[in-house]
file run_18.cif (mmCIF, C-alpha atoms)
data_target
#
loop_
_atom_site.label_atom_id
_atom_site.label_comp_id
_atom_site.auth_asym_id
_atom_site.auth_seq_id
_atom_site.Cartn_x
_atom_site.Cartn_y
_atom_site.Cartn_z
CA MET A 988 0.00 0.00 0.00
CA ASN A 989 1.39 3.39 -0.96
CA PRO A 990 1.61 5.57 2.20
CA ASN A 991 2.13 8.64 0.03
CA PRO A 992 -0.93 9.09 -2.18
CA PRO A 993 -0.78 11.75 -4.93
CA ARG A 994 -1.26 15.24 -3.55
CA ALA A 995 -3.54 17.85 -4.99
CA ALA A 996 -1.60 20.26 -7.16
CA PHE A 997 -1.28 23.71 -5.61
CA ALA A 998 1.19 26.04 -7.25
CA ARG A 999 3.55 28.19 -5.20
CA PRO A 1000 2.62 31.88 -5.50
CA PRO A 1001 5.57 33.75 -7.05
CA ARG A 1002 5.73 36.22 -4.15
CA PHE A 1003 7.05 33.46 -1.88
CA ALA A 1004 10.53 31.94 -2.09
CA ALA A 1005 10.60 28.15 -2.32
CA ALA A 1006 12.04 27.68 1.19
CA GLU A 1007 9.46 29.98 2.75
CA TRP A 1008 6.64 28.26 0.87
CA ASP A 1009 7.77 24.87 2.14
CA ALA A 1010 7.76 26.25 5.69
CA ARG A 1011 4.33 27.77 5.16
CA THR A 1012 2.97 24.48 3.88
CA GLN A 1013 4.40 22.56 6.83
CA LEU A 1014 3.01 25.07 9.34
CA ALA A 1015 -0.41 25.13 7.69
CA ALA A 1016 -0.44 21.33 7.87
CA ALA A 1017 0.33 21.58 11.59
CA TYR A 1018 -2.72 23.80 12.15
CA ARG A 1019 -4.91 21.27 10.35
CA ILE A 1020 -3.33 18.47 12.42
CA PHE A 1021 -4.13 20.37 15.63
CA ASP A 1022 -7.70 20.74 14.44
CA HIS A 1023 -7.90 17.03 13.70
CA LEU A 1024 -6.55 16.22 17.18
CA GLY A 1025 -9.09 18.53 18.84
CA TRP A 1026 -6.46 20.98 20.09
CA THR A 1027 -8.24 24.07 18.79
CA GLU A 1028 -9.50 26.90 21.01
CA LEU A 1029 -11.96 28.75 18.76
CA ILE A 1030 -9.69 31.25 16.91
CA TYR A 1031 -7.11 31.49 19.69
CA ASN A 1032 -3.68 30.05 20.52
CA HIS A 1033 -0.81 29.71 18.11
CA ILE A 1034 1.89 27.71 16.40
CA SER A 1035 4.80 29.80 15.14
CA LEU A 1036 7.67 28.80 12.86
CA ARG A 1037 10.85 30.66 11.89
CA VAL A 1038 11.21 31.50 8.22
CA PRO A 1039 14.19 29.59 6.72
CA GLY A 1040 17.12 31.91 6.12
CA GLU A 1041 15.36 34.76 7.96
CA PRO A 1042 16.13 34.29 11.68
CA SER A 1043 14.39 37.53 12.65
CA HIS A 1044 11.11 36.56 10.96
CA TYR A 1045 8.55 33.92 11.84
CA LEU A 1046 5.16 32.76 10.60
CA ILE A 1047 1.99 32.72 12.69
CA ASN A 1048 -1.74 32.21 12.14
CA PRO A 1049 -3.98 35.08 11.02
CA PHE A 1050 -6.26 36.29 13.81
CA GLY A 1051 -9.90 35.53 13.13
CA LEU A 1052 -9.52 32.21 11.31
CA HIS A 1053 -10.26 28.81 12.76
CA TYR A 1054 -7.38 26.34 12.49
CA SER A 1055 -9.34 24.48 9.81
CA GLU A 1056 -9.20 27.65 7.67
CA VAL A 1057 -5.46 28.25 7.91
CA CYS A 1058 -3.54 27.66 4.71
CA ALA A 1059 -0.01 28.31 3.49
CA SER A 1060 -0.79 31.60 1.76
CA ASN A 1061 -2.75 33.28 4.58
CA LEU A 1062 -0.16 32.70 7.30
CA VAL A 1063 1.30 36.01 8.47
CA LYS A 1064 5.03 36.77 8.47
CA VAL A 1065 6.11 38.99 11.36
CA ASP A 1066 9.37 40.30 12.76
CA LEU A 1067 10.58 39.85 16.34
CA ASP A 1068 8.91 43.12 17.35
CA GLY A 1069 5.54 41.97 16.07
CA GLY A 1070 5.51 43.98 12.87
CA VAL A 1071 3.87 42.42 9.83
CA VAL A 1072 6.38 41.74 7.05
CA GLY A 1073 4.90 42.09 3.59
CA HIS A 1074 1.17 41.97 2.89
CA SER A 1075 -1.50 40.28 4.97
CA ASP A 1076 -5.27 40.29 4.55
CA TRP A 1077 -5.66 39.43 8.24
CA PRO A 1078 -4.55 40.96 11.53
CA ILE A 1079 -2.49 39.13 14.13
CA ASN A 1080 -3.38 38.43 17.74
CA PRO A 1081 -1.33 40.65 20.12
CA ALA A 1082 -1.23 37.82 22.66
CA GLY A 1083 0.40 35.56 20.10
CA ILE A 1084 3.10 37.90 18.86
CA THR A 1085 3.95 39.13 22.36
CA PHE A 1086 4.47 35.64 23.68
CA HIS A 1087 5.89 33.86 20.64
CA GLY A 1088 8.04 36.81 19.64
CA ALA A 1089 9.71 36.83 23.06
CA ILE A 1090 10.61 33.15 22.75
CA HIS A 1091 11.92 33.41 19.19
CA ARG A 1092 13.93 36.50 20.16
CA THR A 1093 15.44 34.93 23.27
CA LEU A 1094 16.08 31.31 22.27
CA ALA A 1095 18.13 30.68 19.14
CA HIS A 1096 17.05 27.02 19.07
CA ALA A 1097 13.34 27.90 19.19
CA HIS A 1098 12.58 27.12 15.58
CA CYS A 1099 8.97 26.20 16.35
CA VAL A 1100 6.78 27.24 19.29
CA MET A 1101 3.42 25.61 20.03
CA HIS A 1102 0.82 26.70 22.58
CA VAL A 1103 -2.45 24.92 23.42
CA HIS A 1104 -5.26 25.09 25.97
CA THR A 1105 -6.48 21.49 26.06
CA THR A 1106 -8.54 20.62 29.12
CA ALA A 1107 -6.01 18.15 30.47
CA THR A 1108 -2.97 20.41 30.07
CA GLN A 1109 -4.77 23.41 31.54
CA ALA A 1110 -5.93 21.31 34.49
CA VAL A 1111 -2.39 20.14 35.25
CA CYS A 1112 -1.16 23.74 34.93
CA CYS A 1113 -3.66 24.63 37.66
CA LEU A 1114 -2.25 22.02 40.06
CA LYS A 1115 0.15 23.29 42.70
CA GLU A 1116 2.52 20.37 42.02
CA GLY A 1117 2.21 20.63 38.23
CA LEU A 1118 3.13 17.66 36.08
CA ALA A 1119 3.72 14.46 38.04
CA PHE A 1120 6.43 12.22 36.56
CA THR A 1121 4.47 9.08 37.31
CA ASN A 1122 3.44 7.74 33.91
CA PHE A 1123 4.97 6.58 30.64
CA TYR A 1124 4.56 9.92 28.86
CA ALA A 1125 5.55 12.19 31.72
CA ALA A 1126 8.72 10.14 32.27
CA GLN A 1127 9.92 11.20 28.81
CA LEU A 1128 9.69 14.87 29.86
CA TYR A 1129 11.61 14.56 33.11
CA GLY A 1130 13.91 17.55 33.55
CA LYS A 1131 12.43 19.28 30.50
CA VAL A 1132 9.54 21.14 32.13
CA ALA A 1133 9.71 24.69 33.49
CA TYR A 1134 7.01 26.85 35.09
CA HIS A 1135 5.99 30.48 35.37
CA GLU A 1136 3.23 31.94 37.51
CA PHE A 1137 0.03 32.84 35.67
CA GLU A 1138 -0.29 36.63 35.40
CA GLY A 1139 -3.20 37.17 33.04
CA ILE A 1140 -3.68 37.31 29.29
CA THR A 1141 -0.41 38.03 27.53
CA VAL A 1142 -1.15 41.15 25.51
CA HIS A 1143 1.41 43.65 26.79
CA ALA A 1144 5.04 43.81 25.71
CA ASP A 1145 6.40 43.39 29.25
CA GLU A 1146 4.52 40.10 29.60
CA GLY A 1147 6.31 38.28 26.80
CA ALA A 1148 8.28 36.07 29.15
CA ARG A 1149 5.19 34.92 31.06
CA ASN A 1150 3.83 31.47 30.39
CA PRO A 1151 0.02 31.50 29.91
CA GLY A 1152 -0.28 27.74 29.50
CA PRO A 1153 1.43 24.64 28.08
CA VAL A 1154 4.09 25.45 25.51
CA ALA A 1155 6.39 23.20 23.46
CA ILE A 1156 9.58 24.53 21.89
CA GLY A 1157 11.27 22.47 19.19
CA ALA A 1158 14.32 22.53 16.95
CA THR A 1159 11.93 21.64 14.13
CA LEU A 1160 8.16 21.65 13.79
CA PRO A 1161 7.91 17.83 14.01
CA HIS A 1162 10.12 17.92 17.11
CA ALA A 1163 7.82 20.46 18.78
CA LEU A 1164 4.77 18.40 17.81
CA ALA A 1165 6.27 15.26 19.35
CA LEU A 1166 6.95 17.13 22.59
CA MET A 1167 3.47 18.66 22.69
CA TRP A 1168 1.73 15.36 21.98
CA THR A 1169 3.75 13.72 24.75
CA ALA A 1170 2.86 16.52 27.18
CA VAL A 1171 -0.84 16.30 26.33
CA ARG A 1172 -0.87 12.53 26.83
CA ALA A 1173 1.09 12.86 30.08
CA CYS A 1174 -1.52 15.26 31.43
CA GLU A 1175 -4.43 13.09 30.30
CA VAL A 1176 -3.00 10.01 32.00
CA GLN A 1177 -2.17 11.99 35.15
CA LEU A 1178 -5.75 13.22 35.51
CA ALA A 1179 -7.12 9.72 34.89
CA THR A 1180 -4.76 8.29 37.50
CA GLN A 1181 -5.59 10.92 40.09
CA SER A 1182 -9.29 10.16 39.73
CA MET A 1183 -8.58 6.61 40.94
CA GLY A 1184 -6.01 7.16 43.66
CA GLU A 1185 -2.34 7.82 44.29
CA ALA A 1186 0.07 7.07 41.45
CA MET A 1187 3.02 4.73 41.86
CA PRO A 1188 6.33 6.64 41.88
CA ILE A 1189 8.92 6.04 39.17
CA PRO A 1190 12.57 5.87 40.33
CA ARG A 1191 14.73 8.80 39.26
CA ALA A 1192 17.17 6.53 37.43
CA VAL A 1193 14.33 5.18 35.29
CA LEU A 1194 13.08 8.70 34.54
CA GLU A 1195 16.54 9.80 33.46
CA LYS A 1196 16.87 6.77 31.17
CA CYS A 1197 13.48 7.49 29.61
CA VAL A 1198 14.59 11.01 28.73
CA VAL A 1199 17.79 9.72 27.11
CA ASP A 1200 15.88 7.15 25.06
CA SER A 1201 12.97 9.33 23.91
CA LEU A 1202 12.37 12.43 21.78
CA GLN A 1203 16.00 13.37 21.32
CA PHE A 1204 16.52 15.65 18.34
CA HIS A 1205 19.24 14.52 15.97
CA PRO A 1206 20.28 16.65 12.96
CA LYS A 1207 20.28 13.63 10.62
CA HIS A 1208 17.05 11.83 11.47
CA GLY A 1209 15.25 14.44 13.57
CA ALA A 1210 12.60 13.73 16.17
CA GLY A 1211 8.93 13.25 15.39
CA GLU A 1212 9.49 13.38 11.62
CA ASP A 1213 7.72 10.07 10.93
CA VAL A 1214 4.79 10.98 13.18
CA PHE A 1215 4.35 14.35 11.49
CA ALA A 1216 4.54 12.74 8.05
CA ALA A 1217 1.80 10.26 8.97
CA LEU A 1218 -0.45 13.00 10.32
CA GLN A 1219 0.20 15.17 7.28
CA ARG A 1220 -0.88 12.30 5.04
CA LEU A 1221 -4.04 12.07 7.13
CA VAL A 1222 -4.95 15.73 6.68
CA ASP A 1223 -4.03 15.51 2.99
CA ARG A 1224 -6.68 12.81 2.60
CA LYS A 1225 -9.16 14.81 4.67
CA ASP A 1226 -8.65 18.25 3.12
CA PRO A 1227 -5.50 19.27 1.23
CA SER A 1228 -6.63 22.89 0.87
CA TYR A 1229 -4.07 23.94 3.50
CA ARG A 1230 -1.54 23.74 0.63
CA MET A 1231 -3.13 26.76 -1.10
#

call {"tool": "encode", "arguments": {"input": "run_18.cif", "output": "structure tokens"}}
result
Amino acid sequence: MNPNPPRAAFARPPRFAAAEWDARTQLAAAYRIFDHLGWTELIYNHISLRVPGEPSHYLINPFGLHYSEVCASNLVKVDLDGGVVGHSDWPINPAGITFHGAIHRTLAHAHCVMHVHTTATQAVCCLKEGLAFTNFYAAQLYGKVAYHEFEGITVHADEGARNPGPVAIGATLPHALALMWTAVRACEVQLATQSMGEAMPIPRAVLEKCVVDSLQFHPKHGAGEDVFAALQRLVDRKDPSYRM
């Protein structure tokens, strides 16, 4: 069985360089994947991706569109100060550019930044103890989770470093997706476990081994590439219009 069925033909608009168009297509696919997974929050929250060869520019979703409406051509290119680069028919959400811009500006390795408000992740964020490293998924994130106190909706420039919910930062988009999916599953299993009783602890040595064995980004074979490819094939079969 061919895992790569023929794709609908969508030509690259001449105003976009080939590398940027590839990035736009990948990011638009990610928005459709989030929609398929049920990670949408009306028209809110964001996935941002640096533009190849343009370290001071990144792509983000247009404000006002549902994730199912995002496509390669309507993504908005912005600079690290939140200014729109080039033409856009849509505005951008101040909360998104304040928060994502601060991360892209501060962390050179932050190629892709993902932010969601799923019920399970938000619930764990509300817990005083946060994520408990007591299940298969959480073990893979041991030592990789940081926290910041909630201080309101992130719409002002001085709030860019504040964390308004679960965020995954990846060296590539597939890497970030793998981290986010793992975090979401960790939170779901934690809430299910807590509804039944106290979780069994996992020894620190086992946690450390899990981190070494899982989700490590490698420049040659990446992390999460195969998972992203499978999900992209899924949304291609469902609706390839994100490639427009």

call {"tool": "residues_around", "arguments": {"input": "run_18.cif", "residues": "region 1040-1052 of chain A", "least_positions_apart": "6", "cutoff": "6 Å", "atoms": "all atoms listed in the file", "output": "number ranges by chain"}}
result
A: 1030, 1062-1067, 1077-1080

call {"tool": "residues_around", "arguments": {"input": "run_18.cif", "residues": "region 1176-1182 of chain A", "least_positions_apart": "5", "cutoff": "12 Å", "atoms": "only C-alpha atoms", "output": "PyMOL selection string"}}
result
chain A and resi 1106-1114+1116-1126+1169-1171+1187

call {"tool": "resolve_selection", "arguments": {"input": "run_18.cif", "expression": "the PyMOL selection byres ((chain A and resi 1091) around 12)", "output": "number ranges by chain"}}
result
A: 1034-1038, 1041-1047, 1065-1069, 1083-1090, 1092-1101, 1147-1148, 1156-1158

call {"tool": "resolve_selection", "arguments": {"input": "run_18.cif", "expression": "the PyMOL selection byres ((chain A and resi 1028) around 12)", "output": "list of chain:residue names"}}
result
A:Tyr1018, A:Phe1021, A:Asp1022, A:Leu1024, A:Gly1025, A:Trp1026, A:Thr1027, A:Leu1029, A:Ile1030, A:Tyr1031, A:Asn1032, A:His1033, A:Gly1051, A:Leu1052, A:His1053, A:Tyr1054, A:Ser1055, A:His1102, A:Val1103, A:His1104, A:Thr1105, A:Thr1106

call {"tool": "atom_distance", "arguments": {"input": "run_18.cif", "atom1": "CA of Gln1013 (chain A)", "atom2": "CA of Gly1211 (chain A)"}}
result
13.4 Å

call {"tool": "residues_around", "arguments": {"input": "run_18.cif", "residues": "Lys1225 (chain A)", "least_positions_apart": "2", "cutoff": "12 Å", "atoms": "only C-alpha atoms", "output": "count of residues only"}}
result
17

call {"tool": "atom_distance", "arguments": {"input": "run_18.cif", "atom1": "CA of Pro1000 (chain A)", "atom2": "CA of Ala1082 (chain A)"}}
result
29.0 Å

call {"tool": "atom_distance", "arguments": {"input": "run_18.cif", "atom1": "CA of Trp1008 (chain A)", "atom2": "CA of Val1071 (chain A)"}}
result
17.0 Å

call {"tool": "residues_around", "arguments": {"input": "run_18.cif", "residues": "Thr1012 (chain A)", "least_positions_apart": "2", "cutoff": "6 Å", "atoms": "only C-alpha atoms", "output": "ChimeraX atom specification"}}
result
/A:1009-1010,1014-1015,1059,1230

call {"tool": "resolve_selection", "arguments": {"input": "run_18.cif", "expression": "the PyMOL selection byres ((chain A and resi 1162) around 9)", "output": "mmCIF file with C-alpha atoms, in the frame of the given file"}}
result
data_model
loop_
_atom_site.group_PDB
_atom_site.id
_atom_site.type_symbol
_atom_site.label_atom_id
_atom_site.label_comp_id
_atom_site.auth_asym_id
_atom_site.auth_seq_id
_atom_site.Cartn_x
_atom_site.Cartn_y
_atom_site.Cartn_z
ATOM 1 C CA CYS A 1099 8.970 26.200 16.350
ATOM 2 C CA ILE A 1156 9.580 24.530 21.890
ATOM 3 C CA GLY A 1157 11.270 22.470 19.190
ATOM 4 C CA ALA A 1158 14.320 22.530 16.950
ATOM 5 C CA THR A 1159 11.930 21.640 14.130
ATOM 6 C CA LEU A 1160 8.160 21.650 13.790
ATOM 7 C CA PRO A 1161 7.910 17.830 14.010
ATOM 8 C CA ALA A 1163 7.820 20.460 18.780
ATOM 9 C CA LEU A 1164 4.770 18.400 17.810
ATOM 10 C CA ALA A 1165 6.270 15.260 19.350
ATOM 11 C CA LEU A 1166 6.950 17.130 22.590
ATOM 12 C CA MET A 1167 3.470 18.660 22.690
ATOM 13 C CA LEU A 1202 12.370 12.430 21.780
ATOM 14 C CA GLN A 1203 16.000 13.370 21.320
ATOM 15 C CA PHE A 1204 16.520 15.650 18.340
ATOM 16 C CA GLY A 1209 15.250 14.440 13.570
ATOM 17 C CA ALA A 1210 12.600 13.730 16.170
ATOM 18 C CA GLY A 1211 8.930 13.250 15.390
ATOM 19 C CA GLU A 1212 9.490 13.380 11.620
ATOM 20 C CA PHE A 1215 4.350 14.350 11.490
#

call {"tool": "decode", "arguments": {"input": "run_18.cif", "residues": "region 1044-1080 of chain A", "atoms": "N, CA and C atoms", "output": "PDB file, in the first residue's frame"}}
result
ATOM      1  N   HIS A1044      12.496  36.622  11.400  1.00  0.00           N
ATOM      2  CA  HIS A1044      11.109  36.556  10.959  1.00  0.00           C
ATOM      3  C   HIS A1044      10.510  35.190  11.271  1.00  0.00           C
ATOM      4  N   TYR A1045       9.239  35.193  11.627  1.00  0.00           N
ATOM      5  CA  TYR A1045       8.553  33.921  11.837  1.00  0.00           C
ATOM      6  C   TYR A1045       7.127  34.011  11.315  1.00  0.00           C
ATOM      7  N   LEU A1046       6.518  32.859  11.121  1.00  0.00           N
ATOM      8  CA  LEU A1046       5.158  32.758  10.601  1.00  0.00           C
ATOM      9  C   LEU A1046       4.200  32.415  11.734  1.00  0.00           C
ATOM     10  N   ILE A1047       2.989  32.978  11.654  1.00  0.00           N
ATOM     11  CA  ILE A1047       1.987  32.724  12.690  1.00  0.00           C
ATOM     12  C   ILE A1047       0.603  32.787  12.048  1.00  0.00           C
ATOM     13  N   ASN A1048      -0.405  32.257  12.718  1.00  0.00           N
ATOM     14  CA  ASN A1048      -1.741  32.209  12.143  1.00  0.00           C
ATOM     15  C   ASN A1048      -2.405  33.583  12.116  1.00  0.00           C
ATOM     16  N   PRO A1049      -3.214  33.833  11.084  1.00  0.00           N
ATOM     17  CA  PRO A1049      -3.978  35.076  11.015  1.00  0.00           C
ATOM     18  C   PRO A1049      -5.085  35.075  12.064  1.00  0.00           C
ATOM     19  N   PHE A1050      -5.270  36.195  12.732  1.00  0.00           N
ATOM     20  CA  PHE A1050      -6.263  36.288  13.810  1.00  0.00           C
ATOM     21  C   PHE A1050      -7.659  36.425  13.215  1.00  0.00           C
ATOM     22  N   GLY A1051      -8.525  35.521  13.615  1.00  0.00           N
ATOM     23  CA  GLY A1051      -9.898  35.528  13.128  1.00  0.00           C
ATOM     24  C   GLY A1051     -10.264  34.269  12.382  1.00  0.00           C
ATOM     25  N   LEU A1052      -9.263  33.469  12.021  1.00  0.00           N
ATOM     26  CA  LEU A1052      -9.521  32.212  11.312  1.00  0.00           C
ATOM     27  C   LEU A1052      -9.442  31.028  12.262  1.00  0.00           C
ATOM     28  N   HIS A1053     -10.336  30.080  12.054  1.00  0.00           N
ATOM     29  CA  HIS A1053     -10.259  28.808  12.756  1.00  0.00           C
ATOM     30  C   HIS A1053      -9.085  28.026  12.187  1.00  0.00           C
ATOM     31  N   TYR A1054      -8.529  27.117  12.976  1.00  0.00           N
ATOM     32  CA  TYR A1054      -7.383  26.339  12.489  1.00  0.00           C
ATOM     33  C   TYR A1054      -7.702  25.597  11.194  1.00  0.00           C
ATOM     34  N   SER A1055      -8.948  25.201  11.023  1.00  0.00           N
ATOM     35  CA  SER A1055      -9.339  24.485   9.808  1.00  0.00           C
ATOM     36  C   SER A1055      -9.343  25.383   8.581  1.00  0.00           C
ATOM     37  N   GLU A1056      -9.214  26.693   8.777  1.00  0.00           N
ATOM     38  CA  GLU A1056      -9.203  27.648   7.669  1.00  0.00           C
ATOM     39  C   GLU A1056      -7.795  28.146   7.332  1.00  0.00           C
ATOM     40  N   VAL A1057      -6.825  27.789   8.156  1.00  0.00           N
ATOM     41  CA  VAL A1057      -5.457  28.246   7.913  1.00  0.00           C
ATOM     42  C   VAL A1057      -4.866  27.522   6.715  1.00  0.00           C
ATOM     43  N   CYS A1058      -4.228  28.264   5.839  1.00  0.00           N
ATOM     44  CA  CYS A1058      -3.536  27.660   4.714  1.00  0.00           C
ATOM     45  C   CYS A1058      -2.198  28.367   4.516  1.00  0.00           C
ATOM     46  N   ALA A1059      -1.371  27.815   3.655  1.00  0.00           N
ATOM     47  CA  ALA A1059      -0.006  28.310   3.491  1.00  0.00           C
ATOM     48  C   ALA A1059       0.041  29.782   3.130  1.00  0.00           C
ATOM     49  N   SER A1060      -0.851  30.219   2.259  1.00  0.00           N
ATOM     50  CA  SER A1060      -0.786  31.595   1.758  1.00  0.00           C
ATOM     51  C   SER A1060      -1.321  32.633   2.727  1.00  0.00           C
ATOM     52  N   ASN A1061      -2.208  32.249   3.672  1.00  0.00           N
ATOM     53  CA  ASN A1061      -2.746  33.276   4.578  1.00  0.00           C
ATOM     54  C   ASN A1061      -2.018  33.360   5.914  1.00  0.00           C
ATOM     55  N   LEU A1062      -0.993  32.535   6.128  1.00  0.00           N
ATOM     56  CA  LEU A1062      -0.157  32.698   7.305  1.00  0.00           C
ATOM     57  C   LEU A1062       0.518  34.066   7.247  1.00  0.00           C
ATOM     58  N   VAL A1063       0.753  34.668   8.411  1.00  0.00           N
ATOM     59  CA  VAL A1063       1.301  36.013   8.467  1.00  0.00           C
ATOM     60  C   VAL A1063       2.772  35.959   8.876  1.00  0.00           C
ATOM     61  N   LYS A1064       3.618  36.662   8.105  1.00  0.00           N
ATOM     62  CA  LYS A1064       5.032  36.766   8.472  1.00  0.00           C
ATOM     63  C   LYS A1064       5.239  38.020   9.305  1.00  0.00           C
ATOM     64  N   VAL A1065       5.880  37.855  10.464  1.00  0.00           N
ATOM     65  CA  VAL A1065       6.113  38.985  11.365  1.00  0.00           C
ATOM     66  C   VAL A1065       7.581  39.025  11.775  1.00  0.00           C
ATOM     67  N   ASP A1066       8.014  40.196  12.231  1.00  0.00           N
ATOM     68  CA  ASP A1066       9.369  40.303  12.759  1.00  0.00           C
ATOM     69  C   ASP A1066       9.336  40.116  14.265  1.00  0.00           C
ATOM     70  N   LEU A1067      10.488  40.146  14.905  1.00  0.00           N
ATOM     71  CA  LEU A1067      10.577  39.851  16.335  1.00  0.00           C
ATOM     72  C   LEU A1067       9.929  40.914  17.208  1.00  0.00           C
ATOM     73  N   ASP A1068       9.611  42.058  16.615  1.00  0.00           N
ATOM     74  CA  ASP A1068       8.909  43.116  17.345  1.00  0.00           C
ATOM     75  C   ASP A1068       7.407  43.082  17.091  1.00  0.00           C
ATOM     76  N   GLY A1069       6.962  42.106  16.333  1.00  0.00           N
ATOM     77  CA  GLY A1069       5.535  41.969  16.067  1.00  0.00           C
ATOM     78  C   GLY A1069       5.030  42.723  14.866  1.00  0.00           C
ATOM     79  N   GLY A1070       5.929  43.285  14.065  1.00  0.00           N
ATOM     80  CA  GLY A1070       5.507  43.984  12.867  1.00  0.00           C
ATOM     81  C   GLY A1070       5.261  43.034  11.719  1.00  0.00           C
ATOM     82  N   VAL A1071       4.187  43.269  10.982  1.00  0.00           N
ATOM     83  CA  VAL A1071       3.874  42.423   9.829  1.00  0.00           C
ATOM     84  C   VAL A1071       4.866  42.703   8.712  1.00  0.00           C
ATOM     85  N   VAL A1072       5.418  41.636   8.149  1.00  0.00           N
ATOM     86  CA  VAL A1072       6.382  41.741   7.049  1.00  0.00           C
ATOM     87  C   VAL A1072       5.659  41.393   5.755  1.00  0.00           C
ATOM     88  N   GLY A1073       5.618  42.325   4.825  1.00  0.00           N
ATOM     89  CA  GLY A1073       4.897  42.093   3.588  1.00  0.00           C
ATOM     90  C   GLY A1073       3.408  42.345   3.767  1.00  0.00           C
ATOM     91  N   HIS A1074       2.616  41.743   2.885  1.00  0.00           N
ATOM     92  CA  HIS A1074       1.174  41.968   2.888  1.00  0.00           C
ATOM     93  C   HIS A1074       0.441  40.858   3.645  1.00  0.00           C
ATOM     94  N   SER A1075      -0.614  41.253   4.345  1.00  0.00           N
ATOM     95  CA  SER A1075      -1.504  40.275   4.975  1.00  0.00           C
ATOM     96  C   SER A1075      -2.929  40.797   4.935  1.00  0.00           C
ATOM     97  N   ASP A1076      -3.859  39.925   4.567  1.00  0.00           N
ATOM     98  CA  ASP A1076      -5.270  40.294   4.554  1.00  0.00           C
ATOM     99  C   ASP A1076      -5.896  40.197   5.939  1.00  0.00           C
ATOM    100  N   TRP A1077      -5.131  39.660   6.901  1.00  0.00           N
ATOM    101  CA  TRP A1077      -5.664  39.426   8.240  1.00  0.00           C
ATOM    102  C   TRP A1077      -4.769  40.068   9.292  1.00  0.00           C
ATOM    103  N   PRO A1078      -5.374  40.451  10.426  1.00  0.00           N
ATOM    104  CA  PRO A1078      -4.554  40.964  11.532  1.00  0.00           C
ATOM    105  C   PRO A1078      -3.899  39.815  12.280  1.00  0.00           C
ATOM    106  N   ILE A1079      -3.097  40.141  13.268  1.00  0.00           N
ATOM    107  CA  ILE A1079      -2.485  39.133  14.127  1.00  0.00           C
ATOM    108  C   ILE A1079      -2.900  39.387  15.565  1.00  0.00           C
ATOM    109  N   ASN A1080      -2.954  38.338  16.344  1.00  0.00           N
ATOM    110  CA  ASN A1080      -3.377  38.430  17.743  1.00  0.00           C
ATOM    111  C   ASN A1080      -2.229  38.972  18.591  1.00  0.00           C
TER     112      ASN A1080
END
